[in-house]
Every structure is written in structure tokens, then in C-alpha cells.
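What follows is a set of notes on a single structure, which appears directly below.
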Amino acid sequence: MRREDYVSAIYRFIEAGLEARLSDVARELGVTPPTAAKTLSRLEDEGYVVKRGATYLLTRKGLEVALRVIRNHRVIEKFLVEVLGVDVGEVHELAHRLEHVDEFAELLDRHLAKPDRCPHGNPIPDRGVETRATPLSFVREGDYIVERICELGKALEYARRWRLDVGDRVRVVAATEHALQLQLGSRVVMMPLDVARLIFVRRCGADVHAS
């Protein structure tokens with residue numbers, strides 16, 4: 001597992017408004033907590049991360065690396081979907097394999113005329129995109145449009161399984177202590193609140209640019 005994978009994972013947690021704790025980082029990267037702890041300790045010694053209590057944060061040095069990799073990743077995803085027609089549910093893993101080649105990502109970025117969002121609706125760094133959509137877990141019953149899906153494993157897996165994409169209309173039917181009952185087209189599904197926290201929406205009829 002590369003240094004870039006760790007700082008990118010921490011960035012995604014922070015971007016989603018979550019704390020990057022050891023167990024969460026390990027789960028996201030598919031490694032054991034002891035392995036993650038050892039690597040994060042090394043990254044702390046090297047000046048890429050700092051630990052505050054149980055939470056890991058990026059230093060300026062770590063943030064620079066994370067932004068570069070995230071930018072590459074999201075540009076590559078955009079190319080795979082818009083030019084090659086790859087299914088949006090498959091692009092995250094493919095882009096992960098290619099994101100470390102800066103020159104390749106730069107070529108695709110120019111070809112796409114510097115897009116500002118990835119296919120999951122997440123902003124490409126340094127493009128001046130504001131993200132003011134609301135987590136689905138915070139909204140009331142009603143109809144909403146999916147604005148972005150955080151690039152964390154459980155959100156992407158849920159979206160892939162239920163074919164949930166940016167731009168889709170969802171209806172919040174009811175809420176329980178641990179899940180939301182949603183209507184997705186003709187389907188009624190239950191979405192765990194920890195997943196709904198990672199799906200950002202706007203109310204139907206709201207300004208599409210205020211996301």
C-alpha cells in the first residue's frame with residue numbers, strides 16, 4: 001500500500017466531514033489495524049500526517065500529495081466514463097490503478113478541457129467548485145436529487161448495488177433510528193444512516209448550481 005493511498009483516504013474522510021480514525025482508515029484500505037498503525041506512524045515521522053487524539057489529519061505536505069492524487073483519480077474517472085463509456089460503478093477501482101501517473105492524468109485533463117467534477121459528483125481540486133449539498137441523512141421526507149456520492153467504499157458499494165447515480169431522483173419515505181426508507185424509481189430500499197451520511201443531495205426544484 002502506497003503513501004498516496006493513506007493520505008488520499010484521510011482526505012476523503014475529511015472531505016466527507018468525518019474523522020479519519022485508525023480503524024476506519026484500515027477498513028477503507030483493506031488492511032489490518034496493526035498494518036495501518038505502522039504505516040501511519042511512519043507517515044507521521046515523515047511529516048505527512050499528524051495525530052490529534054484518535055484522529056489523523058494531513059499536514060500541508062500530506063495535503064499536497066493528497067490533492068495531486070485525488071485530482072488525477074477524478075480526472076481519470078471522468079475520462080473512463082465520458083470517453084470510454086465505462087460503467088460509473090466500475091471506474092473507482094480502475095482509476096485507482098492509474099492515478100499515480102501524473103503525466104497520464106494531465107494528458108486526459110487537457111483532453112477533457114479541465115472538468116470540475118468526477119462522475120460521482122465530487123469536485124476536482126483547484127477548480128473552484130463549491131459543494132453545499134446536504135447529506136441525505138440530514139434531510140426530511142420528500143424528493144431530492146443526488147448531487148454527489150463520497151468516494152468511500154461503503155457509499156460506492158451501495159451506489160453500485162442499487163444503481164444510484166448523480167442526478168437520480170430519490171424520495172425519502174421514512175426514517176428509523178438506523179436507516180432511511182427510500183424510493184428509487186419503482187424500488188423501495190433501506191439505506192443505513194452511515195451510508196446516507198455520504199450521499200449528498202439537493203431538494204427537487206433547488207438551484208442546481210448550489211451544490
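Note on naming: chains are A, B, ... as they come in the C-alpha cells, residues start from 1 per chain, ligands start from 1 in the order shown.
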
May I have all residues of stretch 62-210 of chain A that DSSP, computed from the backbone, assigns to alpha helix (DSSP H), given as a tab-separated table (two decimals) with C-alpha atoms, in the first residue's frame?
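That gives us selection-v2.tsv:
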chain	number	residue	atom	x	y	z
A	62	GLY	CA	0.40	15.47	3.11
A	63	LEU	CA	-2.38	17.63	1.69
A	64	GLU	CA	-0.28	18.49	-1.37
A	65	VAL	CA	0.19	14.79	-2.10
A	66	ALA	CA	-3.48	14.00	-1.47
A	67	LEU	CA	-4.73	16.79	-3.74
A	68	ARG	CA	-2.48	15.66	-6.58
A	69	VAL	CA	-3.62	12.05	-6.35
A	70	ILE	CA	-7.29	12.95	-5.88
A	71	ARG	CA	-7.12	15.28	-8.88
A	72	ASN	CA	-5.55	12.56	-11.01
A	73	HIS	CA	-8.07	9.99	-9.81
A	74	ARG	CA	-11.13	12.07	-10.58
A	75	VAL	CA	-9.91	13.22	-13.98
A	76	ILE	CA	-9.22	9.61	-14.94
A	77	GLU	CA	-12.68	8.57	-13.74
A	78	LYS	CA	-14.21	11.30	-15.88
A	79	PHE	CA	-12.29	10.13	-18.95
A	80	LEU	CA	-13.21	6.48	-18.40
A	81	VAL	CA	-16.92	7.29	-18.18
A	82	GLU	CA	-17.31	10.06	-20.75
A	91	VAL	CA	-14.41	3.38	-12.56
A	92	HIS	CA	-13.21	3.92	-8.99
A	93	GLU	CA	-11.06	0.80	-8.87
A	94	LEU	CA	-9.78	1.30	-12.41
A	95	ALA	CA	-8.80	4.90	-11.71
A	96	HIS	CA	-7.07	3.83	-8.51
A	97	ARG	CA	-4.66	1.71	-10.55
A	98	LEU	CA	-3.79	4.63	-12.84
A	102	ASP	CA	0.85	12.35	-13.25
A	103	GLU	CA	1.71	12.77	-16.92
A	104	PHE	CA	-1.09	10.43	-17.98
A	105	ALA	CA	-3.67	12.25	-15.87
A	106	GLU	CA	-2.51	15.62	-17.21
A	107	LEU	CA	-3.00	14.45	-20.81
A	108	LEU	CA	-6.54	13.33	-20.01
A	109	ASP	CA	-7.24	16.56	-18.15
A	110	ARG	CA	-6.31	18.61	-21.21
A	111	HIS	CA	-8.34	16.32	-23.47
A	153	GLY	CA	-16.02	2.25	-0.01
A	154	LYS	CA	-19.40	1.73	1.64
A	155	ALA	CA	-21.03	4.60	-0.26
A	156	LEU	CA	-19.66	3.47	-3.61
A	157	GLU	CA	-20.66	-0.13	-2.95
A	158	TYR	CA	-24.20	0.85	-2.04
A	159	ALA	CA	-24.49	3.09	-5.10
A	160	ARG	CA	-23.19	0.31	-7.35
A	161	ARG	CA	-25.52	-2.30	-5.87
A	162	TRP	CA	-28.64	-0.15	-6.20
A	193	LEU	CA	-27.63	6.13	8.07
A	194	ASP	CA	-23.85	5.76	7.93
A	195	VAL	CA	-24.20	5.40	4.14
A	196	ALA	CA	-26.80	8.17	3.84

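The residues of stretch 93-186 of chain A that DSSP classifies as strand (DSSP E or B), using the backbone of this structure, are A:Arg117, A:Pro123, A:Thr134, A:Pro135, A:Gly142, A:Asp143, A:Tyr144, A:Ile145, A:Val146, A:Glu147, A:Arg148, A:Ile149, A:Arg169, A:Val170, A:Arg171, A:Val172, A:Val173, A:Ala174, A:Ala175, A:Ala179, A:Leu180, A:Gln181, A:Leu182, A:Gln183, A:Leu184.
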
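Here the question is which of A:Ile14, A:Thr55, A:Arg3, A:Ser8 gets nearest to A:Leu43 using only C-alpha atoms, and that residue is A:Arg3.
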
Hey, what's within 7 Å of A:Glu141 if we count only C-alpha atoms and toss same-chain stuff fewer than 6 positions away? As a PDB file with N, CA and C atoms, in the first residue's frame, please?
ATOM      1  N   VAL A 172     -37.332  10.359   0.082  1.00  0.00           N
ATOM      2  CA  VAL A 172     -37.204   9.899   1.462  1.00  0.00           C
ATOM      3  C   VAL A 172     -38.612   9.636   1.972  1.00  0.00           C
ATOM      4  N   VAL A 173     -38.908   8.363   2.213  1.00  0.00           N
ATOM      5  CA  VAL A 173     -40.255   7.948   2.620  1.00  0.00           C
ATOM      6  C   VAL A 173     -40.408   7.993   4.132  1.00  0.00           C
ATOM      7  N   ALA A 174     -39.407   7.469   4.831  1.00  0.00           N
ATOM      8  CA  ALA A 174     -39.472   7.404   6.291  1.00  0.00           C
ATOM      9  C   ALA A 174     -38.067   7.209   6.831  1.00  0.00           C
TER      10      ALA A 174
END

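Residues in contact with A:Val166 at 8 Å, where only C-alpha atoms are counted and same-chain residues fewer than 3 positions away are skipped, are listed as Pro119, His120, Gly121, Ile145, Val146, Glu147, Arg148 and Ile149 of chain A.
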
Taking C-alpha atoms for each residue, export the selection above as an mmCIF file, in the first residue's frame.
data_model
loop_
_atom_site.group_PDB
_atom_site.id
_atom_site.type_symbol
_atom_site.label_atom_id
_atom_site.label_comp_id
_atom_site.auth_asym_id
_atom_site.auth_seq_id
_atom_site.Cartn_x
_atom_site.Cartn_y
_atom_site.Cartn_z
ATOM 1 C CA PRO A 119 -18.665 11.108 -12.339
ATOM 2 C CA HIS A 120 -19.653 10.728 -8.664
ATOM 3 C CA GLY A 121 -20.170 14.492 -8.433
ATOM 4 C CA ILE A 145 -31.693 14.935 -6.444
ATOM 5 C CA VAL A 146 -28.372 13.190 -5.836
ATOM 6 C CA GLU A 147 -25.562 15.736 -6.174
ATOM 7 C CA ARG A 148 -22.542 13.705 -5.160
ATOM 8 C CA ILE A 149 -21.528 10.354 -3.726
#

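The space separating atom CA of A:Asp5 from atom CA of A:His100 comes to 9.7 Å.
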
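The residue that comes closest to A:Leu57, out of A:Lys114, A:Arg169, A:Arg163, A:Arg21 and on the basis of only C-alpha atoms, is A:Arg21.
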
Could you tell me how far atom CA of A:Pro192 sits from atom CA of A:His178, in Å to one decimal place? 5.9 Å

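Remark: for A:Gly185, the closest of the candidate residues A:Leu198, A:Leu136, A:Val170, A:Leu112 is A:Val170 (distances computed over only C-alpha atoms).
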
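Straight-line separation from atom CA of A:Gly167 to atom CA of A:Leu18: 23.8 Å.
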
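The nearest approach to A:Glu15 among the residues A:Leu164, A:Cys204, A:Pro123, A:Val129, with only C-alpha atoms taken into account, belongs to A:Pro123.
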
Got a sec: who's within 12 Å of A:Glu46, counting only C-alpha atoms, leaving out chain neighbours fewer than 4 positions off, as a count of residues only? 10

A:Ala36, A:Val139, A:Leu84, A:Ile124 ranked by distance to A:Leu22, top pick (using only C-alpha atoms): A:Ala36
